[in-house]
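Enquirer: My structure file structure37.txt, compact mmCIF, C-alpha atoms, is below:
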# COMPACT_ATOMS: atom_id res chain seq x y z
CA MET A 1 -22.11 -26.25 30.96
CA ARG A 2 -18.53 -25.66 29.77
CA ALA A 3 -15.61 -26.55 32.06
CA ALA A 4 -14.66 -22.89 32.47
CA ASP A 5 -18.25 -22.04 33.46
CA GLN A 6 -18.25 -24.89 35.97
CA LEU A 7 -15.02 -23.56 37.42
CA THR A 8 -16.41 -20.03 37.72
CA ALA A 9 -19.62 -21.30 39.29
CA PHE A 10 -17.66 -23.41 41.80
CA VAL A 11 -15.47 -20.47 42.83
CA GLN A 12 -18.53 -18.25 43.23
CA ALA A 13 -20.32 -20.85 45.36
CA ALA A 14 -17.21 -21.47 47.50
CA LEU A 15 -16.64 -17.74 48.09
CA ALA A 16 -20.33 -17.31 48.92
CA ALA A 17 -20.00 -20.14 51.48
CA GLY A 18 -17.24 -18.15 53.17
CA ARG A 19 -14.29 -20.30 52.08
CA GLY A 20 -10.85 -18.71 51.88
CA ARG A 21 -9.08 -18.18 48.55
CA GLU A 22 -6.13 -20.40 49.56
CA GLU A 23 -8.51 -23.21 50.49
CA ILE A 24 -10.38 -22.92 47.16
CA ALA A 25 -7.10 -22.82 45.24
CA ALA A 26 -5.85 -25.96 47.01
CA ALA A 27 -9.08 -27.81 46.20
CA LEU A 28 -8.88 -26.82 42.55
CA THR A 29 -5.21 -27.79 42.36
CA ALA A 30 -6.07 -31.19 43.77
CA ALA A 31 -8.81 -31.50 41.12
CA GLY A 32 -6.23 -30.93 38.36
CA TRP A 33 -6.77 -27.27 37.40
CA SER A 34 -3.63 -25.37 36.42
CA ALA A 35 -2.36 -22.38 38.38
CA PRO A 36 -3.24 -19.78 35.67
CA GLU A 37 -6.76 -21.23 35.36
CA ILE A 38 -7.24 -21.07 39.12
CA ALA A 39 -5.87 -17.52 39.30
CA ALA A 40 -8.17 -16.40 36.49
CA ALA A 41 -11.21 -18.02 38.13
CA LEU A 42 -10.45 -16.44 41.53
CA ASP A 43 -9.71 -13.09 39.89
CA ALA A 44 -13.18 -13.10 38.33
CA TRP A 45 -14.73 -12.45 41.77
CA HIS A 46 -14.20 -9.68 44.26
CA ALA A 47 -14.89 -10.49 47.91
CA ALA A 48 -16.71 -7.67 49.71
CA PRO A 49 -17.57 -8.01 53.43
CA GLY A 50 -21.24 -8.76 54.00
CA LEU A 51 -21.94 -9.24 50.29
CA PRO A 52 -22.03 -12.24 48.00
CA PRO A 53 -18.99 -12.50 45.63
CA VAL A 54 -19.01 -9.49 43.32
CA PRO A 55 -18.26 -10.31 39.68
CA ARG A 56 -15.37 -8.39 38.15
CA PRO A 57 -15.77 -7.01 34.63
CA ARG A 58 -14.99 -9.56 31.93
CA PRO A 59 -13.94 -9.24 28.30
CA TYR A 60 -16.86 -8.98 25.89
CA VAL A 61 -17.52 -9.40 22.18
CA SER A 62 -19.94 -7.21 20.25
CA ALA A 63 -20.92 -7.44 16.58
CA GLY A 64 -21.03 -3.64 16.31
CA GLU A 65 -17.48 -3.34 17.63
CA ALA A 66 -16.33 -6.16 15.35
CA PHE A 67 -17.57 -4.14 12.36
CA PHE A 68 -16.03 -0.93 13.71
CA TYR A 69 -12.60 -2.39 14.45
CA ALA A 70 -12.52 -4.44 11.22
CA LEU A 71 -13.09 -1.20 9.29
CA LEU A 72 -10.47 0.56 11.42
CA PHE A 73 -7.96 -2.22 10.74
CA ALA A 74 -8.72 -2.32 6.99
CA SER A 75 -8.35 1.46 6.69
CA LEU A 76 -5.07 1.34 8.60
CA ALA A 77 -3.76 -1.51 6.41
CA MET A 78 -4.70 0.33 3.20
CA THR A 79 -3.20 3.59 4.46
CA ALA A 80 0.06 2.00 5.60
CA TRP A 81 0.41 -0.06 2.41
CA HIS A 82 -0.16 2.89 0.08
CA LEU A 83 2.02 5.21 2.14
CA VAL A 84 4.90 2.81 1.63
CA SER A 85 4.17 2.22 -2.05
CA LEU A 86 3.82 5.97 -2.72
CA PHE A 87 7.12 6.87 -1.03
CA HIS A 88 8.85 3.98 -2.82
CA ALA A 89 7.56 5.22 -6.19
CA LEU A 90 8.79 8.75 -5.37
CA ILE A 91 12.20 7.41 -4.39
CA ASP A 92 12.36 5.41 -7.64
CA MET A 93 11.55 8.59 -9.53
CA TRP A 94 14.03 10.84 -7.72
CA LEU A 95 16.85 8.32 -7.34
CA PRO A 96 16.73 5.97 -10.33
CA ASP A 97 18.92 2.90 -10.58
CA ASN A 98 22.27 3.53 -12.23
CA GLY A 99 21.94 2.90 -15.96
CA ARG A 100 18.14 2.87 -15.78
CA GLU A 101 17.49 6.61 -15.71
CA ASP A 102 15.19 6.30 -18.75
CA TRP A 103 12.80 4.17 -16.69
CA ARG A 104 12.46 6.60 -13.77
CA TYR A 105 9.06 7.95 -14.90
CA TYR A 106 7.61 4.95 -16.70
CA GLY A 107 4.66 3.56 -14.74
CA ALA A 108 5.48 5.79 -11.76
CA SER A 109 2.77 8.37 -12.42
CA SER A 110 -0.08 5.88 -12.49
CA SER A 111 1.11 3.99 -9.39
CA ILE A 112 1.52 7.31 -7.55
CA ARG A 113 -1.97 8.42 -8.59
CA TRP A 114 -3.47 5.14 -7.39
CA ALA A 115 -1.69 5.45 -4.03
CA VAL A 116 -2.81 9.08 -3.65
CA ALA A 117 -6.42 8.05 -4.41
CA ALA A 118 -6.25 5.30 -1.77
CA LEU A 119 -4.70 7.65 0.80
CA VAL A 120 -7.27 10.38 0.16
CA VAL A 121 -10.05 7.87 0.91
CA PHE A 122 -8.56 5.65 3.61
CA GLY A 123 -6.30 8.14 5.42
CA PRO A 124 -9.09 10.44 6.69
CA LEU A 125 -11.32 7.40 7.32
CA PHE A 126 -8.66 5.85 9.55
CA LEU A 127 -8.05 9.12 11.41
CA TRP A 128 -11.79 9.60 11.97
CA LEU A 129 -12.30 6.03 13.20
CA HIS A 130 -9.23 6.25 15.43
CA ALA A 131 -10.42 9.54 16.96
CA ARG A 132 -13.90 8.07 17.45
CA ALA A 133 -12.45 5.01 19.20
CA ALA A 134 -10.35 7.26 21.47
CA ARG A 135 -13.39 9.40 22.34
CA ALA A 136 -15.51 6.31 23.10
CA GLN A 137 -12.73 4.89 25.27
CA ALA A 138 -12.41 8.16 27.21
CA ALA A 139 -16.17 8.31 27.77
CA ASP A 140 -16.46 4.64 28.78
CA PRO A 141 -13.25 2.97 30.06
CA GLY A 142 -15.17 -0.36 29.97
CA ARG A 143 -14.51 -0.41 26.21
CA GLY A 144 -10.96 -1.38 27.04
CA ARG A 145 -12.34 -4.88 27.71
CA SER A 146 -13.46 -5.35 24.11
CA VAL A 147 -12.01 -8.64 22.86
CA VAL A 148 -12.24 -7.50 19.22
CA ARG A 149 -10.35 -4.31 19.99
CA ARG A 150 -7.52 -6.24 21.63
CA TRP A 151 -7.37 -8.77 18.79
CA VAL A 152 -7.24 -6.04 16.18
CA GLY A 153 -4.61 -4.25 18.22
CA TYR A 154 -2.46 -7.36 18.50
CA LEU A 155 -2.93 -8.17 14.79
CA ALA A 156 -1.74 -4.67 13.86
CA LEU A 157 1.22 -5.03 16.23
CA PHE A 158 2.05 -8.45 14.79
CA LEU A 159 2.01 -7.22 11.18
CA ALA A 160 3.99 -4.09 12.06
CA ALA A 161 6.58 -6.20 13.93
CA CYS A 162 6.83 -8.61 10.96
CA SER A 163 7.34 -5.64 8.62
CA LEU A 164 10.09 -4.25 10.83
CA LEU A 165 11.83 -7.62 11.06
CA GLY A 166 11.50 -8.22 7.31
CA ASP A 167 12.85 -4.73 6.69
CA LEU A 168 15.82 -5.45 8.92
CA ILE A 169 16.53 -8.72 7.10
CA ALA A 170 16.39 -6.88 3.75
CA VAL A 171 18.87 -4.24 4.97
CA VAL A 172 21.32 -6.84 6.30
CA TYR A 173 20.98 -8.89 3.09
CA ALA A 174 21.50 -5.81 0.90
CA PHE A 175 24.57 -4.90 2.95
CA LEU A 176 26.03 -8.40 2.61
CA SER A 177 25.27 -8.42 -1.14
CA GLY A 178 26.92 -5.03 -1.63
CA ASP A 179 23.60 -3.44 -2.71
CA LEU A 180 23.17 -1.06 0.20
CA THR A 181 22.55 2.10 -1.82
CA LEU A 182 21.03 5.38 -0.65
CA ARG A 183 17.92 4.47 -2.63
CA PHE A 184 17.57 1.15 -0.82
CA LEU A 185 18.24 2.70 2.58
CA LEU A 186 15.57 5.35 2.05
CA LYS A 187 13.03 2.69 1.08
CA ALA A 188 13.90 0.65 4.16
CA LEU A 189 13.56 3.78 6.27
CA VAL A 190 10.07 4.41 4.89
CA VAL A 191 8.97 0.87 5.84
CA ALA A 192 10.49 1.25 9.31
CA ALA A 193 8.84 4.64 9.87
CA VAL A 194 5.36 3.45 8.86
CA ALA A 195 5.67 0.21 10.86
CA GLY A 196 6.97 2.18 13.85
CA VAL A 197 4.02 4.58 13.76
CA VAL A 198 1.57 1.63 13.56
CA LEU A 199 3.31 -0.03 16.53
CA ALA A 200 3.05 3.16 18.56
CA LEU A 201 -0.60 3.79 17.62
CA PHE A 202 -1.83 0.28 18.46
CA ARG A 203 0.25 -0.49 21.53
CA ARG A 204 -2.42 0.91 23.84
CA ASP A 205 -5.29 -0.84 22.01
CA ALA A 206 -3.55 -4.19 22.35
CA GLU A 207 -2.83 -3.68 26.03
CA GLY A 208 -6.52 -3.04 26.79
CA ASP A 209 -7.84 -3.24 30.33
CA ALA A 210 -5.84 -5.09 32.96
CA HIS A 211 -8.89 -7.13 34.04
CA ALA A 212 -9.71 -8.10 30.48
CA ARG A 213 -6.87 -10.55 30.14
CA MET B 1 -1.22 10.17 26.32
CA ARG B 2 1.06 12.95 25.10
CA ALA B 3 3.18 10.37 23.24
CA ASP B 4 0.02 8.97 21.59
CA ARG B 5 -0.96 12.43 20.40
CA LEU B 6 2.54 13.03 19.05
CA THR B 7 2.46 9.71 17.16
CA LEU B 8 -0.91 10.59 15.69
CA TRP B 9 0.35 13.98 14.52
CA LEU B 10 3.40 12.30 13.03
CA PHE B 11 1.10 9.97 11.13
CA VAL B 12 -1.02 12.90 9.90
CA ALA B 13 2.13 14.73 8.78
CA LEU B 14 3.37 11.64 6.93
CA LEU B 15 0.01 11.24 5.23
CA ALA B 16 -0.23 14.90 4.21
CA ALA B 17 3.36 14.94 2.94
CA ALA B 18 2.73 11.78 0.90
CA VAL B 19 -0.40 13.17 -0.76
CA VAL B 20 1.19 16.56 -1.55
CA LEU B 21 4.43 15.05 -2.88
CA GLY B 22 2.46 12.48 -4.88
CA LEU B 23 0.32 15.17 -6.51
CA VAL B 24 3.36 17.32 -7.27
CA ALA B 25 5.27 14.38 -8.78
CA SER B 26 2.46 12.88 -10.84
CA GLY B 27 0.67 16.10 -11.78
CA GLY B 28 -3.05 16.69 -11.73
CA PRO B 29 -5.81 15.40 -14.01
CA GLY B 30 -4.55 17.62 -16.85
CA THR B 31 -1.17 15.91 -16.78
CA ALA B 32 -2.83 12.48 -16.72
CA ARG B 33 -4.89 13.40 -19.78
CA ALA B 34 -1.71 14.60 -21.54
CA GLU B 35 -0.07 11.22 -20.79
CA ARG B 36 -3.05 9.38 -22.26
CA ARG B 37 -2.89 11.54 -25.40
CA ASP B 38 0.82 10.73 -25.71
CA SER B 39 0.08 7.00 -25.47
CA GLU B 40 -2.33 7.31 -28.36
CA ARG B 41 0.20 9.32 -30.39
CA MET B 42 2.78 6.62 -29.80
CA MET B 43 0.30 3.93 -30.90
CA ASN B 44 -0.34 5.90 -34.07
CA LEU B 45 3.40 6.27 -34.78
CA ARG B 46 3.89 2.51 -34.31
CA GLY B 47 1.05 1.88 -36.75
CA LEU B 48 2.64 4.27 -39.25
CA ALA B 49 6.04 2.59 -38.83
CA GLY B 50 4.46 -0.78 -39.70
CA HIS B 51 2.73 0.80 -42.68
CA VAL B 52 5.95 2.37 -44.02
CA GLN B 53 7.72 -0.99 -43.79
CA CYS B 54 4.83 -2.73 -45.51
CA VAL B 55 4.85 -0.16 -48.35
CA ALA B 56 8.64 -0.51 -48.66
CA ASN B 57 8.36 -4.29 -48.83
CA ALA B 58 5.71 -3.98 -51.54
CA ALA B 59 8.01 -1.59 -53.46
CA GLY B 60 10.89 -4.04 -53.48
CA GLY B 61 12.65 -2.76 -50.39
CA ARG B 62 12.54 0.95 -51.16
CA LEU B 63 11.34 3.29 -48.42
CA PRO B 64 8.60 5.73 -49.57
CA GLU B 65 9.32 9.46 -49.83
CA ALA B 66 6.08 10.32 -48.01
CA ILE B 67 3.35 8.47 -46.16
CA HIS B 68 0.02 7.91 -47.80
CA PRO B 69 -2.53 5.12 -47.79
CA ASP B 70 -1.40 2.36 -50.13
CA PRO B 71 -3.71 -0.29 -51.61
CA ALA B 72 -0.88 -2.83 -51.30
CA CYS B 73 -1.03 -2.40 -47.50
CA ASN B 74 -4.59 -2.45 -46.32
CA GLN B 75 -3.91 -0.96 -42.87
CA ASP B 76 -5.75 1.55 -40.73
CA ILE B 77 -3.34 4.43 -40.30
CA VAL B 78 -3.69 7.80 -38.63
CA LEU B 79 -1.73 10.51 -40.45
CA ASN B 80 -2.59 13.45 -38.19
CA ASP B 81 -2.42 13.99 -34.47
CA PRO B 82 -6.03 13.34 -33.40
CA PHE B 83 -5.83 16.01 -30.68
CA ASP B 84 -4.39 19.05 -32.43
CA GLY B 85 -4.67 18.00 -36.08
CA THR B 86 -0.92 18.43 -36.78
CA PRO B 87 0.35 15.93 -39.37
CA TYR B 88 2.79 13.37 -37.99
CA ARG B 89 6.26 14.01 -39.40
CA TYR B 90 7.93 11.38 -41.57
CA GLU B 91 11.61 11.78 -42.41
CA ARG B 92 13.50 9.34 -44.60
CA SER B 93 16.99 9.45 -43.13
CA SER B 94 18.60 6.92 -45.50
CA ASP B 95 17.69 3.96 -47.68
CA THR B 96 17.38 1.82 -44.58
CA SER B 97 16.14 4.08 -41.85
CA PHE B 98 13.40 6.62 -41.21
CA ARG B 99 12.01 8.78 -38.42
CA LEU B 100 8.41 9.34 -37.36
CA CYS B 101 7.79 12.28 -35.04
CA ALA B 102 4.91 13.72 -33.06
CA GLY B 103 4.42 16.61 -30.67
CA PHE B 104 4.49 14.64 -27.42
CA GLU B 105 3.55 16.51 -24.27
CA ARG B 106 5.29 14.27 -21.70
CA PRO B 107 7.64 12.03 -23.70
CA GLN B 108 9.73 11.21 -20.60
CA VAL B 109 6.80 9.26 -19.10
CA LEU B 110 6.41 6.95 -22.11
CA ARG B 111 7.80 3.43 -21.94
CA PRO B 112 11.52 3.77 -22.79
CA ASN B 113 12.47 2.00 -25.98
CA ARG B 114 15.65 1.70 -27.96
CA ASP B 115 13.94 3.16 -31.04
CA PHE B 116 12.32 6.17 -29.32
CA GLU B 117 14.10 9.50 -28.80
CA ALA B 118 12.28 11.22 -25.95
CA SER B 119 14.22 14.47 -26.53
CA SER B 120 12.96 14.88 -30.12
CA GLY B 121 9.73 12.90 -29.81
CA CYS B 122 10.72 10.69 -32.74
CA LEU B 123 10.66 6.99 -33.45
CA VAL B 124 13.90 6.06 -35.22
CA VAL B 125 13.29 2.90 -37.24
CA ASP B 126 15.92 0.80 -38.97
CA TYR B 127 14.30 -0.85 -41.95
CA LYS B 128 15.25 -4.38 -42.93
CA PRO B 129 13.66 -5.50 -46.20
CA ALA B 130 11.58 -8.65 -45.79
CA THR B 131 13.30 -11.73 -47.20
CA ARG B 132 11.10 -13.63 -49.59
CA THR B 133 10.86 -17.36 -49.14
CA PRO B 134 10.71 -19.32 -52.36
Show me, as structure tokens, the structure contained in the file I just sent.

Expert:
Amino acid sequence: MRAADQLTAFVQAALAAGRGREEIAAALTAAGWSAPEIAAALDAWHAAPGLPPVPRPRPYVSAGEAFFYALLFASLAMTAWHLVSLFHALIDMWLPDNGREDWRYYGASSSIRWAVAALVVFGPLFLWLHARAARAQAADPGRGRSVVRRWVGYLALFLAACSLLGDLIAVVYAFLSGDLTLRFLLKALVVAAVAGVVLALFRRDAEGDAHAR
Amino acid sequence: MRADRLTLWLFVALLAAAVVLGLVASGGPGTARAERRDSERMMNLRGLAGHVQCVANAAGGRLPEAIHPDPACNQDIVLNDPFDGTPYRYERSSDTSFRLCAGFERPQVLRPNRDFEASSGCLVVDYKPATRTP
């Protein structure tokens, strides 16, 4: 039996024997358990008068959800990446570098076509998966306890936050280097807008259910 | 919940705008086919430019008046546009330069080069006779 399981079993047995929460916490503290571990173990059980300790819902992992959320994450990543690359190619085409006007179209068409192809496939797929996840969540709030969902949500938030921070560094660096052109600013704005939308979309997924922590 | 819906609609709008603008900027399949035809035309002109220089070298540094297959230069050359059959245009501008032109459909999309005039669709080649080593 794992230590965490032993802890849970002990708390259950102590609550079933009619011991108070403070008394159990003091015993566990004396045994060397940390305060967050004790709080989590006590929080796993709900005391109802006349009943044995009632287990509270716990986070769960499911292979089906792992597949679903991995696909959702991949489709989001592909959509976000190609949105940025498409807008950057358009900006390069419409606002070429000074002295490099001849190069504004070279290679742009094929990179734009590739990005459009990726968006046509992954954009609707992401929207469909996202809507399906929202519907499932509304029908069964217990899905908020999915560990995979929270991990995917936090991963998306992490990458979006890194993109925003990297974007900010690039803007400050360009400003200090005297390269802060309209073209550069528009590109930075595209990255910020896409990262901001991802942050907003996944904030709720990462938060999950309060008891799932 | 209302904010989530708004974010989702913003994302959909961004996606739709990107696809529409991308299609407008890059053109449809017809435009892509035109660009591929132009690439082949350019490859043919480059082959012809090499052939003209080879013929000139074989003739002691004198540029030919017209392009034709030459036994001294055993090269595969394409004299006509393979898509509309129009002959490629060869113009001898001087003793040391010549132009090779084709009817490009989207010359602005081709890789910019110092020797290519996108406005006229011509390669402008400065010929330097090959120096013989003893």

Enquirer: Smallest atom-to-atom distance to A:Leu168: which of A:Tyr60, A:Tyr154, A:Phe184, A:Phe10, using only C-alpha atoms?

Expert: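 The closest residue to A:Leu168 is A:Phe184.
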
Enquirer: Residues at most 10 Å from A:Ala77, counting only C-alpha atoms, excluding those fewer than 5 positions away in the same chain, as a PyMOL selection string?

Expert: chain A and resi 71-72+82-83+122+126+156+159-160+198

Enquirer: Up to 8 Å from chain A, what residues of chain B turn up? Count all atoms listed in the file and give them as an NGL selection string.

Expert: :B and (4 or 7-8 or 10-11 or 15 or 18-19 or 22-23 or 25-26 or 108-112)

Enquirer: Quick one, how far is atom CA of A:Ala134 from atom CA of B:Arg2?

Expert: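 One can read the atom CA of A:Ala134 to atom CA of B:Arg2 distance as 13.3 Å.
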
Enquirer: Please compute the atom CA of B:Ala3-atom CA of A:Gly166 distance, one decimal, in Å.

Expert: 25.9 Å

Enquirer: So how far away is atom CA of A:Leu76 from atom CA of A:Ala139, in Å?

Expert: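 That distance, rounded to one decimal, is 23.2 Å.
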
Enquirer: Around all of stretch 190-194 of chain A's listed atoms, make the axis-aligned box with 5 Å on each side and tell me centre and edge lengths in Å to one decimal, as JSON.

Expert:
{"center_x": 7.9, "center_y": 2.8, "center_z": 7.4, "size_x": 15.1, "size_y": 13.8, "size_z": 15.0}

Enquirer: Is there a way to get, as a short mmCIF file (atom, residue, chain, number, x, y, z; two decimals) with C-alpha atoms, in the coordinates of the input, all residues within 6 Å of the point (6.0, 17.1, -35.5) in file coordinates, counting all atoms listed in the file?

Expert:
data_model
loop_
_atom_site.label_atom_id
_atom_site.label_comp_id
_atom_site.auth_asym_id
_atom_site.auth_seq_id
_atom_site.Cartn_x
_atom_site.Cartn_y
_atom_site.Cartn_z
CA TYR B 88 2.79 13.37 -37.99
CA ARG B 89 6.26 14.01 -39.40
CA CYS B 101 7.79 12.28 -35.04
CA ALA B 102 4.91 13.72 -33.06
CA GLY B 103 4.42 16.61 -30.67
#

Enquirer: Mind listing whatever residues come within 12 Å of the point (-16.0, -7.7, 45.3)? Use all atoms listed in the file, file coordinates, and give them as a PyMOL selection string.

Expert: chain A and resi 12+15-16+42-57

Enquirer: So, with all atoms listed in the file as the atoms that count, which of B:Ala34, B:Leu100, B:Ala130, B:Val78 lies closest to B:Ala59?

Expert: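 Among B:Ala34, B:Leu100, B:Ala130, B:Val78, it is B:Ala130 that comes nearest to B:Ala59.
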
Enquirer: Quick one: everything within 12 Å of B:Gly61, counting all atoms listed in the file, minus sequence neighbours fewer than 5 positions away in the same chain. Send it as a PDB file with C-alpha atoms, keeping the file's coordinate frame.

Expert:
ATOM      1  CA  VAL B  52       5.950   2.370 -44.020  1.00  0.00           C
ATOM      2  CA  GLN B  53       7.720  -0.990 -43.790  1.00  0.00           C
ATOM      3  CA  CYS B  54       4.830  -2.730 -45.510  1.00  0.00           C
ATOM      4  CA  VAL B  55       4.850  -0.160 -48.350  1.00  0.00           C
ATOM      5  CA  ALA B  56       8.640  -0.510 -48.660  1.00  0.00           C
ATOM      6  CA  ASP B  95      17.690   3.960 -47.680  1.00  0.00           C
ATOM      7  CA  THR B  96      17.380   1.820 -44.580  1.00  0.00           C
ATOM      8  CA  SER B  97      16.140   4.080 -41.850  1.00  0.00           C
ATOM      9  CA  TYR B 127      14.300  -0.850 -41.950  1.00  0.00           C
ATOM     10  CA  LYS B 128      15.250  -4.380 -42.930  1.00  0.00           C
ATOM     11  CA  PRO B 129      13.660  -5.500 -46.200  1.00  0.00           C
ATOM     12  CA  ALA B 130      11.580  -8.650 -45.790  1.00  0.00           C
ATOM     13  CA  THR B 131      13.300 -11.730 -47.200  1.00  0.00           C
ATOM     14  CA  ARG B 132      11.100 -13.630 -49.590  1.00  0.00           C
TER      15      ARG B 132
END

Enquirer: Counting all atoms listed in the file, which residue out of A:Leu185, A:Leu157, A:Ala9, A:Ile91 sits closest to A:Phe73?

Expert: A:Leu157

Enquirer: With distances taken over only C-alpha atoms, which residue among B:Leu14, B:Ala49, B:Ala72, B:Leu21 lies nearest B:Cys122?

Expert: B:Ala49
